[in-house]
$ cat entry_10.cif   # mmCIF, C-alpha atoms
data_final
#
loop_
_atom_site.label_atom_id
_atom_site.label_comp_id
_atom_site.auth_asym_id
_atom_site.auth_seq_id
_atom_site.Cartn_x
_atom_site.Cartn_y
_atom_site.Cartn_z
CA MET S 1 124.45 113.22 119.41
CA PRO S 2 127.14 112.36 121.97
CA ARG S 3 126.17 110.80 125.28
CA TYR S 4 127.16 112.34 128.60
CA TYR S 5 127.11 110.91 132.11
CA PHE S 6 126.34 112.92 135.22
CA HIS S 7 127.95 111.57 138.39
CA LEU S 8 126.80 113.19 141.58
CA TYR S 9 128.96 113.50 144.69
CA ASN S 10 127.35 114.88 147.84
CA GLY S 11 126.56 114.13 151.46
CA THR S 12 124.81 110.89 150.51
CA GLY S 13 127.92 109.67 148.70
CA LEU S 14 128.43 108.97 144.99
CA THR S 15 125.47 108.45 142.70
CA SER S 16 126.96 107.25 139.44
CA ASP S 17 125.06 107.66 136.20
CA GLU S 18 124.93 104.43 134.24
CA GLU S 19 122.40 105.56 131.66
CA GLY S 20 123.57 108.99 130.52
CA GLN S 21 121.81 111.48 128.30
CA GLU S 22 122.40 112.76 124.79
CA PHE S 23 123.31 116.39 124.18
CA ALA S 24 124.41 118.38 121.16
CA ASP S 25 127.72 119.43 122.72
CA ASP S 26 129.74 119.86 125.93
CA LYS S 27 128.12 123.21 126.66
CA ALA S 28 124.59 121.79 126.59
CA ALA S 29 125.71 118.95 128.86
CA GLU S 30 127.22 121.43 131.32
CA GLN S 31 123.95 123.37 131.38
CA ALA S 32 122.13 120.15 132.20
CA ALA S 33 124.59 119.49 135.04
CA VAL S 34 123.92 122.97 136.47
CA ALA S 35 120.15 122.43 136.23
CA GLY S 36 120.55 119.01 137.85
CA ALA S 37 122.63 120.38 140.72
CA ARG S 38 120.11 123.15 141.32
CA SER S 39 117.20 120.71 141.37
CA VAL S 40 118.94 118.53 143.97
CA LEU S 41 119.62 121.60 146.12
CA ALA S 42 116.05 122.86 145.70
CA ASP S 43 114.71 119.58 147.01
CA GLU S 44 117.01 119.81 150.02
CA VAL S 45 115.82 123.34 150.78
CA ARG S 46 112.23 122.06 150.60
CA ASN S 47 113.20 119.66 153.38
CA GLY S 48 114.81 122.39 155.43
CA GLN S 49 118.46 121.70 154.68
CA LEU S 50 121.14 122.75 152.22
CA ASP S 51 124.44 121.00 151.64
CA LEU S 52 126.61 122.96 149.22
CA ASP S 53 129.47 120.52 149.63
CA GLY S 54 128.82 118.54 146.49
CA ARG S 55 129.49 118.43 142.75
CA VAL S 56 128.35 116.93 139.48
CA GLU S 57 131.07 115.42 137.32
CA VAL S 58 130.21 115.21 133.66
CA THR S 59 131.99 112.50 131.68
CA ASN S 60 131.75 111.50 128.04
CA GLY S 61 131.40 108.02 126.56
CA ASP S 62 135.13 107.35 127.05
CA GLY S 63 134.91 108.18 130.76
CA LYS S 64 136.82 111.42 130.27
CA VAL S 65 135.76 114.21 132.64
CA ILE S 66 134.34 117.08 130.56
CA THR S 67 133.53 119.43 133.39
CA VAL S 68 132.91 119.51 137.13
CA VAL S 69 130.05 121.63 138.41
CA GLN S 70 130.45 122.59 142.07
CA PHE S 71 127.21 123.04 144.02
CA GLY S 72 128.56 126.22 145.55
CA ASP S 73 128.92 127.77 142.09
CA VAL S 74 125.35 127.21 140.88
CA VAL S 75 123.49 129.33 143.44
CA ARG S 76 124.17 132.84 144.68
CA VAL S 77 123.74 132.87 148.45
CA THR S 78 123.00 136.12 150.25
CA ARG S 79 123.71 135.92 153.96
CA PRO S 80 121.68 137.86 156.54
CA GLY S 81 123.14 141.29 157.35
CA SER S 82 125.31 141.40 154.24
CA GLY S 83 123.57 144.62 153.20
CA SER S 84 122.37 143.46 149.82
CA SER S 85 118.79 142.80 150.84
CA PRO S 86 116.37 145.34 149.36
CA GLY S 87 115.26 146.48 152.81
CA GLY S 88 111.84 147.26 154.24
CA VAL S 89 108.75 148.01 152.28
CA MET F 1 87.72 87.73 114.93
CA GLY F 2 90.47 90.30 115.06
CA GLN F 3 93.58 90.25 117.18
CA LEU F 4 93.22 93.96 117.90
CA GLY F 5 89.64 93.44 119.01
CA GLU F 6 90.72 90.77 121.47
CA VAL F 7 93.31 93.11 122.96
CA LEU F 8 90.77 95.92 123.30
CA GLU F 9 88.19 93.56 124.79
CA ARG F 10 90.65 92.45 127.44
CA HIS F 11 91.57 96.04 128.22
CA LEU F 12 87.94 97.16 128.57
CA LEU F 13 87.19 94.22 130.89
CA CYS F 14 89.68 95.77 133.33
CA PHE F 15 87.08 98.47 133.93
CA GLY F 16 83.89 96.41 134.17
CA GLU F 17 81.78 93.70 132.64
CA MET F 18 79.81 93.45 129.44
CA PRO F 19 77.51 90.71 128.12
CA GLU F 20 78.67 88.24 125.49
CA PRO F 21 77.12 89.99 122.45
CA ASP F 22 78.97 93.22 123.37
CA ARG F 23 82.17 91.30 123.97
CA GLN F 24 81.83 89.60 120.59
CA ALA F 25 81.31 92.94 118.87
CA VAL F 26 84.48 94.36 120.45
CA ARG F 27 86.41 91.17 119.69
CA ALA F 28 85.47 91.45 116.03
CA LEU F 29 87.18 94.84 115.71
CA ASP F 30 90.29 94.79 113.61
CA GLY F 31 92.66 97.02 111.71
CA GLU F 32 96.18 97.68 110.59
CA VAL F 33 99.22 96.64 112.65
CA ARG F 34 102.27 98.89 112.44
CA ASN F 35 105.78 98.90 113.85
CA LEU F 36 106.66 102.14 115.61
CA PRO F 37 110.41 102.54 116.19
CA ARG F 38 111.69 104.25 119.34
CA LEU F 39 111.09 108.00 119.41
CA GLN F 40 108.86 107.92 116.34
CA ASP F 41 105.42 109.49 116.72
CA ALA F 42 102.17 107.69 116.00
CA LEU F 43 100.15 110.89 116.29
CA ARG F 44 101.23 114.51 116.29
CA GLU F 45 99.64 117.67 117.54
CA GLY F 46 97.17 118.88 114.90
CA ASP F 47 96.60 115.42 113.40
CA ARG F 48 93.01 114.38 112.75
CA PRO F 49 93.07 110.67 113.55
CA LYS F 50 90.64 108.29 111.87
CA GLU F 51 91.71 105.32 114.00
CA VAL F 52 92.20 104.57 117.68
CA VAL F 53 95.52 103.14 118.81
CA VAL F 54 95.99 99.91 120.73
CA VAL F 55 99.47 99.10 122.07
CA LEU F 56 100.48 95.56 121.12
CA SER F 57 104.05 95.62 122.42
CA GLY F 58 106.57 98.12 123.71
CA PHE F 59 105.74 101.36 125.47
CA LEU F 60 104.13 104.55 124.20
CA TYR F 61 104.15 108.00 125.76
CA ARG F 62 102.19 111.19 125.31
CA TYR F 63 103.89 114.52 125.46
CA THR F 64 103.59 118.22 124.83
CA MET F 65 106.44 120.42 123.69
CA GLY F 66 106.90 123.49 125.86
CA PRO F 67 107.66 126.95 124.46
CA HIS F 68 111.41 126.57 125.05
CA GLY F 69 111.73 123.11 123.56
CA ALA F 70 111.22 121.36 126.89
CA ARG F 71 109.25 118.14 126.52
CA GLN F 72 106.63 117.40 129.15
CA VAL F 73 105.69 113.74 129.20
CA HIS F 74 102.20 113.32 130.62
CA SER F 75 101.45 109.62 130.27
CA PHE F 76 102.82 106.21 129.41
CA TYR F 77 101.00 103.25 127.86
CA MET F 78 101.98 99.63 128.07
CA ALA F 79 100.90 96.70 125.90
CA SER F 80 97.10 96.17 125.73
CA GLU F 81 96.31 99.77 126.67
CA ALA F 82 94.44 102.17 124.37
CA PRO F 83 96.04 105.62 124.62
CA CYS F 84 93.62 107.88 122.79
CA LEU F 85 90.04 106.66 122.61
CA GLU F 86 89.05 110.31 122.98
CA THR F 87 90.05 110.85 119.34
CA LEU F 88 86.70 109.22 118.52
CA TYR F 89 85.01 112.48 119.49
CA ILE F 90 87.77 115.08 119.44
CA ASP F 91 88.59 116.63 116.08
CA TYR F 92 92.34 116.99 116.33
CA MET F 93 95.27 115.97 118.54
CA ASP F 94 96.33 118.64 121.04
CA ASN F 95 99.39 116.62 122.05
CA ASN F 96 101.70 113.96 120.66
CA LEU F 97 101.79 110.18 120.98
CA GLY F 98 105.12 108.47 120.39
CA ALA F 99 107.08 105.31 121.06
CA ALA F 100 109.35 105.35 124.12
CA VAL F 101 110.89 102.05 122.96
CA ASP F 102 110.51 100.04 119.75
CA SER F 103 106.81 99.22 119.75
CA ARG F 104 104.04 97.65 117.75
CA ILE F 105 100.64 99.29 117.56
CA GLY F 106 97.24 98.42 116.15
CA LEU F 107 94.98 100.97 114.47
CA ILE F 108 91.23 100.32 114.67
CA PRO F 109 89.17 102.55 112.36
CA HIS F 110 86.84 104.94 114.17
CA GLU F 111 84.00 103.88 111.86
CA MET F 112 84.13 100.32 113.20
CA ILE F 113 84.01 101.52 116.80
CA TYR F 114 81.15 103.95 116.11
CA ARG F 115 79.05 100.93 115.05
CA VAL F 116 79.82 99.15 118.33
CA ILE F 117 78.96 102.31 120.27
CA ASP F 118 75.63 102.64 118.41
CA GLU F 119 74.54 99.05 118.88
CA PHE F 120 76.09 97.74 122.11
CA PRO F 121 75.34 99.86 125.19
CA GLU F 122 77.51 97.94 127.67
CA ALA F 123 80.53 98.16 125.38
CA ARG F 124 79.75 101.86 124.95
CA LYS F 125 79.76 102.32 128.74
CA LEU F 126 83.16 100.69 129.08
CA LEU F 127 84.65 102.75 126.25
CA TRP F 128 83.41 105.87 127.98
CA ARG F 129 84.58 104.60 131.34
CA GLN F 130 88.07 103.97 130.00
CA THR F 131 88.41 107.57 128.84
CA LEU F 132 87.11 108.81 132.22
CA VAL F 133 89.74 106.70 133.97
CA GLN F 134 92.38 108.31 131.74
CA ALA F 135 91.20 111.67 133.06
CA ALA F 136 91.41 110.35 136.63
CA ILE F 137 95.00 109.26 135.99
CA PHE F 138 95.90 112.71 134.65
CA ARG F 139 94.44 114.26 137.82
CA GLU F 140 96.46 111.92 140.01
CA TRP F 141 99.64 112.72 138.08
CA LEU F 142 99.00 116.43 138.54
CA VAL F 143 98.62 115.98 142.30
CA ARG F 144 101.64 113.67 142.43
CA ASN F 145 103.88 116.07 140.53
CA SER F 146 102.85 119.16 142.43
CA ASN F 147 102.50 117.76 145.96
CA LEU F 148 104.88 114.86 146.47
CA PRO F 149 108.59 115.16 147.19
CA ALA F 150 110.76 113.47 144.54
CA HIS F 151 111.26 110.15 146.34
CA ALA F 152 107.53 109.78 146.99
CA ALA F 153 106.67 110.79 143.42
CA ILE F 154 108.98 108.11 142.01
CA ALA F 155 107.54 105.54 144.43
CA HIS F 156 104.03 106.54 143.33
CA PHE F 157 104.96 106.14 139.68
CA PHE F 158 106.40 102.68 140.30
CA CYS F 159 103.30 101.59 142.22
CA GLU F 160 100.99 102.73 139.43
CA MET F 161 103.01 101.09 136.68
CA PHE F 162 103.09 97.81 138.56
CA ILE F 163 99.33 97.81 139.27
CA ARG F 164 98.57 98.62 135.64
CA ALA F 165 100.93 95.89 134.43
CA ARG F 166 99.27 93.42 136.75
CA ALA F 167 95.82 94.39 135.46
CA ALA F 168 97.06 93.93 131.90
CA GLY F 169 98.39 90.48 132.78
CA LEU F 170 101.97 91.65 132.21
CA SER F 171 103.38 91.24 135.71
CA LYS F 172 105.15 88.20 137.02
CA GLY F 173 105.17 87.82 140.79
CA ASP F 174 106.51 91.08 142.18
CA SER F 175 108.00 92.34 138.92
CA CYS F 176 107.07 93.74 135.53
CA ASP F 177 108.76 95.24 132.48
CA LEU F 178 109.44 98.96 132.65
CA PRO F 179 111.72 99.52 129.65
CA LEU F 180 111.81 103.32 129.92
CA THR F 181 114.91 105.44 130.36
CA GLN F 182 115.35 107.39 133.59
CA GLU F 183 115.32 110.52 131.46
CA PHE F 184 111.78 109.73 130.23
CA VAL F 185 110.43 109.06 133.71
CA ALA F 186 112.14 112.17 135.09
CA GLU F 187 110.38 114.21 132.40
CA ALA F 188 107.04 112.71 133.39
CA LEU F 189 107.66 113.59 137.03
CA GLY F 190 108.88 117.09 136.24
CA ILE F 191 112.30 116.62 137.82
CA THR F 192 115.78 116.63 136.30
CA PRO F 193 117.45 113.31 135.39
CA VAL F 194 120.31 114.08 137.82
CA HIS F 195 117.82 114.54 140.63
CA PHE F 196 115.93 111.43 139.56
CA ASN F 197 119.06 109.27 139.63
CA ARG F 198 120.06 110.50 143.08
CA THR F 199 116.56 109.98 144.45
CA LEU F 200 116.24 106.51 142.90
CA LYS F 201 119.39 105.55 144.79
CA GLN F 202 117.72 106.65 148.03
CA LEU F 203 114.63 104.58 147.19
CA ARG F 204 116.77 101.54 146.39
CA ASP F 205 118.31 101.83 149.84
CA THR F 206 114.87 101.13 151.35
CA ASN F 207 115.08 97.64 149.77
CA ALA F 208 111.44 97.97 148.72
CA VAL F 209 112.11 98.44 145.02
CA GLU F 210 114.69 97.88 142.32
CA TRP F 211 114.60 99.14 138.76
CA ARG F 212 117.36 97.91 136.53
CA SER F 213 117.73 96.86 132.89
CA GLY F 214 114.14 97.70 132.11
CA ARG F 215 112.69 95.51 134.84
CA LEU F 216 110.82 96.83 137.88
CA ILE F 217 110.93 94.64 140.97
CA ILE F 218 108.81 95.66 143.95
CA SER F 219 109.81 93.37 146.77
CA ASP F 220 107.80 95.28 149.40
CA PHE F 221 104.77 96.85 147.77
CA ASP F 222 103.18 97.97 151.03
CA ARG F 223 106.28 99.84 152.10
CA LEU F 224 106.66 101.49 148.67
CA ALA F 225 102.96 102.42 148.65
CA GLY F 226 103.44 103.87 152.13
CA VAL F 227 106.31 106.07 150.93
CA ALA F 228 104.11 107.34 148.08
CA ASP F 229 100.82 107.47 149.98
CA PHE F 230 99.61 105.46 146.98
CA ASN F 231 95.99 104.38 146.75
CA PRO F 232 94.98 102.65 143.48
CA ARG F 233 91.36 103.83 143.71
CA TYR F 234 91.84 106.37 140.91
CA LEU F 235 92.65 103.54 138.47
CA HIS F 236 89.10 102.18 138.91
CA LEU F 237 90.27 98.68 138.07
CA ARG F 238 87.87 95.79 138.37
CA CYS F 239 90.21 93.04 137.28
#
$ encode --input "entry_10.cif" --output "structure tokens"
Amino acid sequence: MPRYYFHLYNGTGLTSDEEGQEFADDKAAEQAAVAGARSVLADEVRNGQLDLDGRVEVTNGDGKVITVVQFGDVVRVTRPGSGSSPGGV
Amino acid sequence: MGQLGEVLERHLLCFGEMPEPDRQAVRALDGEVRNLPRLQDALREGDRPKEVVVVLSGFLYRYTMGPHGARQVHSFYMASEAPCLETLYIDYMDNNLGAAVDSRIGLIPHEMIYRVIDEFPEARKLLWRQTLVQAAIFREWLVRNSNLPAHAAIAHFFCEMFIRARAAGLSKGDSCDLPLTQEFVAEALGITPVHFNRTLKQLRDTNAVEWRSGRLIISDFDRLAGVADFNPRYLHLRC
């Protein structure tokens, strides 16, 4: 199985992935990048903050960028007063 | 006198003392030695083991496969440790035991250990004690995974691995081997590898710990233990 590397860019700077992980194909690697981005954001929310200005760059063994997952694209944010909340009980 | 028996004797002495006749009886235990390549399983769910496993070199891990193919790692075992003494009295494996890196294991027949248990009460106590300590470790891991934020959970894991390595005589100064991949450790902590890597970078910035090329270096144990709120009491070590 090919190896993919997940480099994280966010408010704390670049965290490069030196180890990588094996996945069946590009699609599975992209799913892992989405899950990874979400888990980083979830931990931020737990600490009372959320920085959507970040991304995960997925590269293959040759260093070629396979996909870039933007933090802002992995969560759907509903703002107060936008009318989509289900309302009172 | 068997090599496997000597390893098990040393391991049990981490949890308490036993008189010379009991020690001799444990030392005399022996069995088959087997190479276990990385990612190969020694025991699988449903197996009915007739031997207990002693780790001679490398690193083993126990895991359960989730319903959607997600692997949950729930323990690691370094050289000299005995991962599944409970198989002596449990009929079948309800989880899997595999090699996280190329490893060598010893297999001591249950029948030989039953004789020690029947005839040597202090050895029996330590065998029981070891399995109880395993349960204590599982409890601690549960609390760690569900209560600690990622950076504290990783710090906790590092502290435990270092203390266990030191008890096994495998540490050197402030460092020990930890030849696992980040992916493995992330699975044990219940976080994603991406999150693990980012959080490890944060921990490195504290200058208390470094983990690189399979070597764990804890230059400021007290500070790392403080981050993790780590207290080694649950390991019940007496060595």
$ closest_residue --input "entry_10.cif" --among "S:Leu52, S:Ile66, S:Val75, S:Val40" --to "chain F" --atoms "only C-alpha atoms"
S:Val40
$ interface_residues --input "entry_10.cif" --of "chain F" --to "chain S" --cutoff "7 Å" --atoms "only C-alpha atoms" --output "list in words"
Thr192, Pro193, Val194, His195 and Arg198 of chain F
$ resolve_selection --input "entry_10.cif" --expression "the PyMOL selection byres ((chain F and resi 14-30) around 10)" --output "ChimeraX atom specification"
/F:1-13,31-33,106-109,112-113,115-117,119-127,129-130,133,164,167-168,235-239
$ atom_distance --input "entry_10.cif" --atom1 "atom CA of F:Leu200" --atom2 "atom CA of F:Phe230"
17.2 Å
$ atom_distance --input "entry_10.cif" --atom1 "atom CA of F:Val227" --atom2 "atom CA of F:Gln72"
24.6 Å
$ resolve_selection --input "entry_10.cif" --expression "the PyMOL selection byres ((chain F and resi 140-144) around 8)" --output "PDB file with C-alpha atoms, keeping the file's coordinate frame"
ATOM      1  CA  HIS F  74     102.200 113.320 130.620  1.00  0.00           C
ATOM      2  CA  ALA F 136      91.410 110.350 136.630  1.00  0.00           C
ATOM      3  CA  ILE F 137      95.000 109.260 135.990  1.00  0.00           C
ATOM      4  CA  PHE F 138      95.900 112.710 134.650  1.00  0.00           C
ATOM      5  CA  ARG F 139      94.440 114.260 137.820  1.00  0.00           C
ATOM      6  CA  ASN F 145     103.880 116.070 140.530  1.00  0.00           C
ATOM      7  CA  SER F 146     102.850 119.160 142.430  1.00  0.00           C
ATOM      8  CA  ASN F 147     102.500 117.760 145.960  1.00  0.00           C
ATOM      9  CA  LEU F 148     104.880 114.860 146.470  1.00  0.00           C
ATOM     10  CA  ALA F 153     106.670 110.790 143.420  1.00  0.00           C
ATOM     11  CA  HIS F 156     104.030 106.540 143.330  1.00  0.00           C
ATOM     12  CA  TYR F 234      91.840 106.370 140.910  1.00  0.00           C
TER      13      TYR F 234
END
$ resolve_selection --input "entry_10.cif" --expression "the PyMOL selection byres ((chain F and resi 216) around 10)" --output "PyMOL selection string"
chain F and resi 158-159+161-162+171+174-179+209-215+217-219
$ atom_distance --input "entry_10.cif" --atom1 "atom CA of S:Glu44" --atom2 "atom CA of S:Ala28"
24.7 Å
$ closest_residue --input "entry_10.cif" --among "F:Ala150, F:Leu88, F:Ala99, F:Ala188" --to "F:Phe59" --atoms "only C-alpha atoms"
F:Ala99
$ axis_aligned_box --input "entry_10.cif" --around "stretch 50-53 of chain S" --padding-each-side "8 Å" --output "AutoDock Vina command-line options"
--center_x 125.3 --center_y 121.7 --center_z 150.7 --size_x 24.3 --size_y 18.4 --size_z 19.0
$ residues_around --input "entry_10.cif" --residues "stretch 77-83 of chain F" --least-positions-apart "4" --cutoff "6 Å" --atoms "only C-alpha atoms" --output "list in words"
Val7, Val53, Val54, Val55, Leu56, Ser57, Phe59 and Leu60 of chain F
$ write_last_selection --input "entry_10.cif" --atoms "C-alpha atoms" --output "tab-separated table (two decimals), in the coordinates of the input"
chain	number	residue	atom	x	y	z
F	7	VAL	CA	93.31	93.11	122.96
F	53	VAL	CA	95.52	103.14	118.81
F	54	VAL	CA	95.99	99.91	120.73
F	55	VAL	CA	99.47	99.10	122.07
F	56	LEU	CA	100.48	95.56	121.12
F	57	SER	CA	104.05	95.62	122.42
F	59	PHE	CA	105.74	101.36	125.47
F	60	LEU	CA	104.13	104.55	124.20
$ residues_around --input "entry_10.cif" --residues "F:Leu36" --least-positions-apart "5" --cutoff "9 Å" --atoms "only C-alpha atoms" --output "list in words"
Asp41, Ala42, Gly98, Ala99, Val101, Asp102, Ser103, Arg104 and Ile105 of chain F
$ residues_around --input "entry_10.cif" --residues "F:Arg223" --least-positions-apart "6" --cutoff "10 Å" --atoms "all atoms listed in the file" --output "number ranges by chain"
F: 155, 206-209, 229
$ write_last_selection --input "entry_10.cif" --atoms "C-alpha atoms" --output "CSV table (one decimal), in the frame of the given file"
chain,number,residue,atom,x,y,z
F,155,ALA,CA,107.5,105.5,144.4
F,206,THR,CA,114.9,101.1,151.4
F,207,ASN,CA,115.1,97.6,149.8
F,208,ALA,CA,111.4,98.0,148.7
F,209,VAL,CA,112.1,98.4,145.0
F,229,ASP,CA,100.8,107.5,150.0
$ residues_around --input "entry_10.cif" --residues "F:Thr64" --least-positions-apart "6" --cutoff "7 Å" --atoms "all atoms listed in the file" --output "ChimeraX atom specification"
/F:71-73,95-96
$ closest_residue --input "entry_10.cif" --among "S:Val45, S:Val77, S:Val65, S:Ala24" --to "S:Met1" --atoms "all atoms listed in the file"
S:Ala24
$ closest_residue --input "entry_10.cif" --among "F:Ala100, F:Lys201, F:Tyr61, F:Phe76" --to "F:Ala165" --atoms "only C-alpha atoms"
F:Phe76
